[in-house]
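Trainee: Got a structure here, written out as structure tokens. Questions coming.
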Amino acid sequence: MTSEKPDRFDRVDWSAYEGSGGVDPSVNTVGAIGTTLPLVALFVYDRQFVGEREATFGAVGLEADWSGLEYLFAFTLILFVWYVLVPLYQNPRMTRYYWREFTRNRPAVVSLGWLLVVFVGGLLGPLVVSAPEQSVLAGHQPPVYLSIDTANVAQCLGEVRGGRCYGTWEYPLGTTRGGKGVFRSIVYGMRISVQIAFITTTIVATIGITFGTVSAYAGGWVDEAMMRFVDVVLSFPTLLMFLLILYIYGAGLGMFIVVFSLFAWGGTARYVRSKSLSVSEETYVSAARISGASTTRIVRRHVVPNTASSIVTQLTLLVPGFLLAEAQLAFLGLGDTSLPSWGQLIAAGRSDLGFAPWIVVAPGIVLFLTILAFNFLGDALLDALDPEAAAEVER
Amino acid sequence: MADGASRAGAEPLLSVRDLRKHYPITEGLLSREVGSTKAVDGVSFDVYPGETLGLVGESGCGKSTVAKSIVRLEEPTGGEVRFNGASRGETGAGGGDGPHPNDVTRFDRAELKSFRRDVQMVFQDPTSSFDPRMTVGSSVAEMLLVHGMTDGETRRAIVEDLLERVGLSASDYDRYPHEFSGGQKQRIALARALVLNPELVIADEPVSALDVSVQAKVLSLIDELQSAFGLSLLFISHDMSVIRRICDRVAVMYLGEIVEVGPVADVFADPQHPYTEALLSAVPRPDPRADPDRIELTGTVPDPADPPSGCRFHTRCHRVVQPEGVDVEQSAWRRVLDFRERLRDGDLEVDAGAADRTAASGGPSAAGVRAEFDLPERLGDERAERALEAAIERLVAGDEAAAIERLSEVFRTPCETTVPEWTDHGGGHGSACIRHRSAELSDDLEGIETD
């Protein structure tokens with residue numbers, strides 16, 4: 001018996017703790033708030049003290065000028081770090097367990113690798129690779145090792161053999177009609193794709209989880225009304241709405257993201273609601289209730305984490321939809337043509353498909369691989385993130 | 001452990017008085033209430049400091065609802081739950097009119113929160129008892145955090161110490177529920193129930209999901225912890241052998257009511273209620289020479305939305321009382337009553353097929369009906385036999401209503417009209433069965449209601 005030890009459950013003088021609410025902000029919350037504040041400060045500085053046409057970071061000699069979208073993206077990255085990456089680090093046992101489960105699915109591991117490439121490329125690529133620039137003289141250059149009839153190029157930058165122009169390493173994936181490097185455009189397109197993925201996911205998850213949980217916990221007619229509203233959202237013709245907005249306000253990437261994610265959370269909310277209802281019937285919720293925990297605490301600590309991990313799959317499968325929608329709209333010429341997205345690149349190359357197929361094929365393959373990777377990843381996450389289901393199968 | 005005599009003067013730690021929990025049955029768009037399921041219907045019992053009270057009954061009799069109502073996981077429909085823990089002060093029973101100051105059902109938020117520290121629960125299913133995304137350590141430590149212990153290191157020290165006490169190791173703090181077996185999870189559940197240092201632990205079928213060998217170990221652990229920390233225990237189970245193993249007193253529940261209460265030794269040696277007898281006969285006995293008679297309850301558990309009148313057990317009771325002037329063999333009497341019940345419910349297919357198979361002649365015959373319902377060829381009592389014969393005749397003739405009427409004239413039992421009163425058998429042993437009413441004419445019917 002370690003009776004000398006002061007920390008024993010039957011030696012606790014609970015009257016000393018009377019009145020304290022048990023509020024213990026987690027490292028994650030503190031960290032997230034701590035990193036968001038400088039971002040907010042930067043935003044305020046950008047709006048108040050930097051001129052409309054001046055670069056945000058002009059004072060320190062950088063040319064980057066941040067739009068509202070960039071701030072939103074930075075904010076979602078902060079949330080991602082503090083509420084996804086840091087928890088994975090904080091719970092090494094769980095992380096190892098998930099990782100073991102996840103690695104059983106080989107295609108998913110490859111997919112994750114590819115998505116990491118896209119993510120890192122999108123995040124850091126624009127810092128390393130300079131932006132693709134118009135240069136009419138360098139139009140229609142072929143990718144390295146491939147060639148094109150000299151009749152189709154204004155000026156061949158590489159070797160000319162037998163009347164054919166060969167590609168150079170300056171433009172590893174060739175150039176567009178306007179002389180923009182396809183490789184550089186793809187790297188810059190990664191950033192757009194990553195932004196679309198992160199911001200839409202955050203918006204959909206936030207609204208979906210909040211709406212679903214509130215609906216499940218409110219019950220009664222509130223629940224009824226909220227779910228009927230979800231039906232309305234789900235049956236809303238998003239594309240028509242977007243076209244309407246496009247004619248009135250123009251169609252930037254920000255508008256695309258906001259409109260499409262504001263009409264995409266319906267399914268998530270429904271799923272979260274049903275999952276919350278089933279989680280709140282679990283014994284561990286009863287156990288938390290008779291411990292004296294408040295409803296807010298139970299929802300935050302038990303219900304939301306247990307529903308959130310199962311909607312990860314759903315969100316992962318939602319992202320390809322957004323990427324495809326962006327590409328389709330761009331191909332139809334309904335997007336912002338100045339945007340260096342994959343879809344715009346494909347759209348730019350469609351007229352030259354006969355003799356310069358790389359302009360369409362290269363971004364097309366990248367887009368295809370990315371969407372495929374998201375689907376594989378979603379599948380593997382479904383298997384890995386459900387320890388109970390997995391345990392039951394083993395039994 | 002404490003015996004009846006030493007408890008006599010002590011104030012009970014928990015007194016449940018006339019506890020009721022009815023679930024409304026609603027219909028239609030406006031949720032009009034059309035009736036209610038009486039899961040718990042007027043239950044009273046006491047738990048004294050340091051003792052273990054067993055609450056036993058078959059599935060669906062309302063045992064778990066009693067537990068949930070006591071801790072207010074469910075809001076009781078009526079009745080009182082008095083908790084006289086140390087933190088509630090000595091208020092005594094005679095508090096005059098109005099609600100009792102220690103009535104849990106009327107606690108406000110703050111009172112309820114401090115009550116949560118004094119009464120904890122262990123649940124049946126070890127698998128769903130823990131949040132799959134939290135380490136078991138933080139699941140246990142959450143209790144401390146909720147009650148204001150913000151110092152993480154103290155929390156961890158307390159929980160690690162407690163994990164060792166329940167037979168696990170301190171390093172298990174960082175493991176996840178899926179890494180433990182059912183028995184280990186139940187040990188952790190005990191740690192979670194203990195971590196706030198409660199006075200009363202309600203264990204709702206804590207071992208019924210476990211293997212028998214694991215059951216024994218968990219039960220010994222419960223025993224050990226109870227004596228080490230002076231806990232009181234309300235132990236809910238459907239298993240009489242588990243009750244005998246761990247409880248001091250036992251309360252037998254049937255269909256939302258308590259039918260018998262008493263010290264375990266008395267109840268097991270001399271059950272006073274037929275239902276207790278039936279439950280006990282299902283316990284395997286180690287003595288091969290012992291009477292192997294098993295009492296098999298006939299009929300199904302009645303719907304708690306529409307419980308039987310009088311004594312709720314009369315539809316299945318093997319000792320169901322015969323009226324004045326009737327003297328039929330008891331098992332035959334039971335079968336005739338079952339026959340009558342089924343006729344009344346109309347769930348008979350007597351007219352064609354059923355009776356047909358037994359009566360080779362073709363049409364339904366009287367003998368066929370008797371064979372189908374396991375009725376004897378002749379009843380011992382002349383008057384009863386005449387009535388039964390006449391009823392079967394009418395039934396064969398296809399006149400069910402007349403058959404029922406004929407049967408109801410003779411085959412009546414006081415059990416279906418009289419609500420049994422509580423009879424005291426001495427030594428804190430009491431039961432509610434009308435067979436005792438005539439036997440015990442003494443007017444000191446000091447049931448537990450009068451305290």
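Naming works like this for the structure tokens: A, B, ... for the chains as they're shown, residue 1 at the start of each chain, ligands 1 onward in shown order.
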Determine which residues of range 68-203 of chain A receive a DSSP assignment of alpha helix (DSSP H), computed from the backbone, and state them as an NGL selection string.
Mentor: :A and (68-80 or 86-90 or 92-103 or 106-128 or 182-203)
Trainee: Would you list which chain B residues are within 6 Å of chain A using only C-alpha atoms, as a VMD selection string?
Mentor: chain B and resid 113 116 128 to 131 143 145 to 146 148 157 to 158 195 197
Trainee: Go ahead and dump the residues you just picked, N, CA, C and O atoms, as a PDB file, in the first residue's frame.
Mentor:
ATOM      1  N   LYS B 113     -25.116  18.295  -8.708  1.00  0.00           N
ATOM      2  CA  LYS B 113     -23.711  18.107  -9.046  1.00  0.00           C
ATOM      3  C   LYS B 113     -22.945  17.504  -7.867  1.00  0.00           C
ATOM      4  O   LYS B 113     -22.110  16.629  -8.055  1.00  0.00           O
ATOM      5  N   ARG B 116     -23.781  13.907  -7.563  1.00  0.00           N
ATOM      6  CA  ARG B 116     -23.063  13.088  -8.539  1.00  0.00           C
ATOM      7  C   ARG B 116     -21.760  12.544  -7.969  1.00  0.00           C
ATOM      8  O   ARG B 116     -21.266  11.520  -8.422  1.00  0.00           O
ATOM      9  N   SER B 128     -19.415  -0.342 -24.649  1.00  0.00           N
ATOM     10  CA  SER B 128     -19.863   1.016 -24.954  1.00  0.00           C
ATOM     11  C   SER B 128     -19.701   1.948 -23.757  1.00  0.00           C
ATOM     12  O   SER B 128     -20.097   3.096 -23.800  1.00  0.00           O
ATOM     13  N   SER B 129     -19.093   1.433 -22.680  1.00  0.00           N
ATOM     14  CA  SER B 129     -18.957   2.260 -21.477  1.00  0.00           C
ATOM     15  C   SER B 129     -17.870   3.318 -21.592  1.00  0.00           C
ATOM     16  O   SER B 129     -17.788   4.207 -20.764  1.00  0.00           O
ATOM     17  N   PHE B 130     -17.005   3.172 -22.601  1.00  0.00           N
ATOM     18  CA  PHE B 130     -15.895   4.118 -22.716  1.00  0.00           C
ATOM     19  C   PHE B 130     -15.862   4.749 -24.092  1.00  0.00           C
ATOM     20  O   PHE B 130     -16.088   4.082 -25.096  1.00  0.00           O
ATOM     21  N   ASP B 131     -15.551   6.048 -24.072  1.00  0.00           N
ATOM     22  CA  ASP B 131     -15.416   6.782 -25.314  1.00  0.00           C
ATOM     23  C   ASP B 131     -14.254   6.180 -26.107  1.00  0.00           C
ATOM     24  O   ASP B 131     -13.119   6.195 -25.646  1.00  0.00           O
ATOM     25  N   MET B 143     -13.918  12.724 -14.820  1.00  0.00           N
ATOM     26  CA  MET B 143     -14.787  12.902 -13.656  1.00  0.00           C
ATOM     27  C   MET B 143     -14.210  13.962 -12.727  1.00  0.00           C
ATOM     28  O   MET B 143     -14.929  14.811 -12.214  1.00  0.00           O
ATOM     29  N   LEU B 145     -12.001  16.274 -13.474  1.00  0.00           N
ATOM     30  CA  LEU B 145     -11.969  17.571 -14.142  1.00  0.00           C
ATOM     31  C   LEU B 145     -13.329  18.259 -14.061  1.00  0.00           C
ATOM     32  O   LEU B 145     -13.425  19.446 -13.767  1.00  0.00           O
ATOM     33  N   VAL B 146     -14.374  17.468 -14.301  1.00  0.00           N
ATOM     34  CA  VAL B 146     -15.725  18.028 -14.266  1.00  0.00           C
ATOM     35  C   VAL B 146     -16.002  18.655 -12.901  1.00  0.00           C
ATOM     36  O   VAL B 146     -16.674  19.677 -12.803  1.00  0.00           O
ATOM     37  N   GLY B 148     -13.918  20.120 -11.067  1.00  0.00           N
ATOM     38  CA  GLY B 148     -13.105  21.282 -10.774  1.00  0.00           C
ATOM     39  C   GLY B 148     -11.639  21.039 -10.508  1.00  0.00           C
ATOM     40  O   GLY B 148     -10.908  21.971 -10.201  1.00  0.00           O
ATOM     41  N   ALA B 157      -2.106  11.347 -11.201  1.00  0.00           N
ATOM     42  CA  ALA B 157      -1.615  10.558 -10.066  1.00  0.00           C
ATOM     43  C   ALA B 157      -2.756   9.782  -9.425  1.00  0.00           C
ATOM     44  O   ALA B 157      -2.637   8.591  -9.128  1.00  0.00           O
ATOM     45  N   ILE B 158      -3.885  10.453  -9.237  1.00  0.00           N
ATOM     46  CA  ILE B 158      -5.017   9.794  -8.594  1.00  0.00           C
ATOM     47  C   ILE B 158      -5.503   8.627  -9.444  1.00  0.00           C
ATOM     48  O   ILE B 158      -5.726   7.523  -8.950  1.00  0.00           O
ATOM     49  N   VAL B 195     -13.685   6.991  -8.586  1.00  0.00           N
ATOM     50  CA  VAL B 195     -12.694   8.066  -8.554  1.00  0.00           C
ATOM     51  C   VAL B 195     -13.190   9.304  -7.817  1.00  0.00           C
ATOM     52  O   VAL B 195     -12.399  10.065  -7.262  1.00  0.00           O
ATOM     53  N   ASN B 197     -14.839   9.117  -5.145  1.00  0.00           N
ATOM     54  CA  ASN B 197     -15.023   8.654  -3.774  1.00  0.00           C
ATOM     55  C   ASN B 197     -16.486   8.700  -3.334  1.00  0.00           C
ATOM     56  O   ASN B 197     -16.844   9.362  -2.375  1.00  0.00           O
TER      57      ASN B 197
END
Trainee: If you count only C-alpha atoms, which residues fall within 7 Å of Pro323 in chain B, apart from same-chain ones fewer than 4 positions away, as a ChimeraX atom specification?
Mentor: /B:412-414
Trainee: When you count only C-alpha atoms, which of these residues is closest to Leu73 in chain B: B:Arg312, B:Lys21, B:Arg32, B:Arg340?
Mentor: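 For Leu73 in chain B, the nearest of the candidates is B:Lys21.
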Trainee: Tell me, as a ChimeraX atom specification, which residues lie within 9 Å of range 162-177 of chain A, counting only C-alpha atoms; anything in the same chain fewer than 2 positions away does not count.
Mentor: /A:136,138-151,153,155-160,179-184,345,348-349,352,356,358-359,362
Trainee: Pick the closest to Gly35 in chain B from B:Arg165, B:Arg155, B:Asp374, B:Tyr23: which is it, counting only C-alpha atoms?
Mentor: B:Tyr23
Trainee: Could you tell me how far CA of Gly122 in chain A sits from CA of Val194 in chain A, in Å to one decimal place?
Mentor: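 Between CA of Val194 in chain A and CA of Gly122 in chain A the gap is 6.2 Å.
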Trainee: Excluding Phe107 in chain B and residues on its chain fewer than 6 positions from it, collect all residues at most 12 Å away from it, counting only C-alpha atoms, and give them as a PyMOL selection string.
Mentor: chain B and resi 70-72+75+80-83+88+99-101+113-116
Trainee: Residues near Leu55 in chain B, anyone? I mean within 10 Å using only C-alpha atoms, not counting same-chain ones fewer than 3 positions away, as a list in words.
Mentor: Phe45, Thr52, Lys63, Ser64, Val66, Ala67, Ala203, Asp204, Glu205, Leu234, Phe235, Ile236, Ser237, His238, Asp239, Met240, Ile243, Cys247, Arg249, Val250, Ala251, Val252, Met253, Ile258 and Val261 of chain B
Trainee: Let me see the file: selected residues, C-alpha atoms, as a JSON list (two decimals), in the first residue's frame.
Mentor:
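Below is the file out-v9.json, written as the result:
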[["chain", "number", "residue", "atom", "x", "y", "z"],
["B", 45, "PHE", "CA", -36.62, 0.10, -0.74],
["B", 52, "THR", "CA", -25.14, -4.46, -0.62],
["B", 63, "LYS", "CA", -34.52, -2.85, -12.75],
["B", 64, "SER", "CA", -32.34, -0.64, -14.90],
["B", 66, "VAL", "CA", -34.94, 2.12, -11.22],
["B", 67, "ALA", "CA", -31.19, 2.69, -11.34],
["B", 203, "ALA", "CA", -23.95, -1.53, -10.40],
["B", 204, "ASP", "CA", -26.33, -2.29, -13.25],
["B", 205, "GLU", "CA", -25.66, -5.89, -14.26],
["B", 234, "LEU", "CA", -27.07, -1.34, -5.13],
["B", 235, "PHE", "CA", -26.40, -4.39, -7.22],
["B", 236, "ILE", "CA", -28.75, -5.07, -10.10],
["B", 237, "SER", "CA", -28.77, -8.50, -11.67],
["B", 238, "HIS", "CA", -31.01, -11.12, -13.19],
["B", 239, "ASP", "CA", -28.79, -13.88, -11.88],
["B", 240, "MET", "CA", -29.73, -15.27, -8.47],
["B", 243, "ILE", "CA", -26.87, -12.08, -5.98],
["B", 247, "CYS", "CA", -25.45, -9.22, -1.61],
["B", 249, "ARG", "CA", -30.16, -8.22, 1.18],
["B", 250, "VAL", "CA", -32.16, -8.76, -1.93],
["B", 251, "ALA", "CA", -35.24, -7.13, -3.44],
["B", 252, "VAL", "CA", -37.11, -9.10, -6.08],
["B", 253, "MET", "CA", -38.79, -7.11, -8.80],
["B", 258, "ILE", "CA", -41.07, -5.16, -5.76],
["B", 261, "VAL", "CA", -37.43, -8.06, 0.12]]
Trainee: Counting only C-alpha atoms, what is within 10 Å of range 107-113 of chain A, bar same-chain residues fewer than 3 positions away, as a ChimeraX atom specification?
Mentor: /A:99,102-104,116-119,369-381
Trainee: Have a look at CA of Ala269 in chain B and CA of Gly427 in chain B and let me know their distance in Å, one decimal.
Mentor: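 Those two atoms sit 13.4 Å apart.
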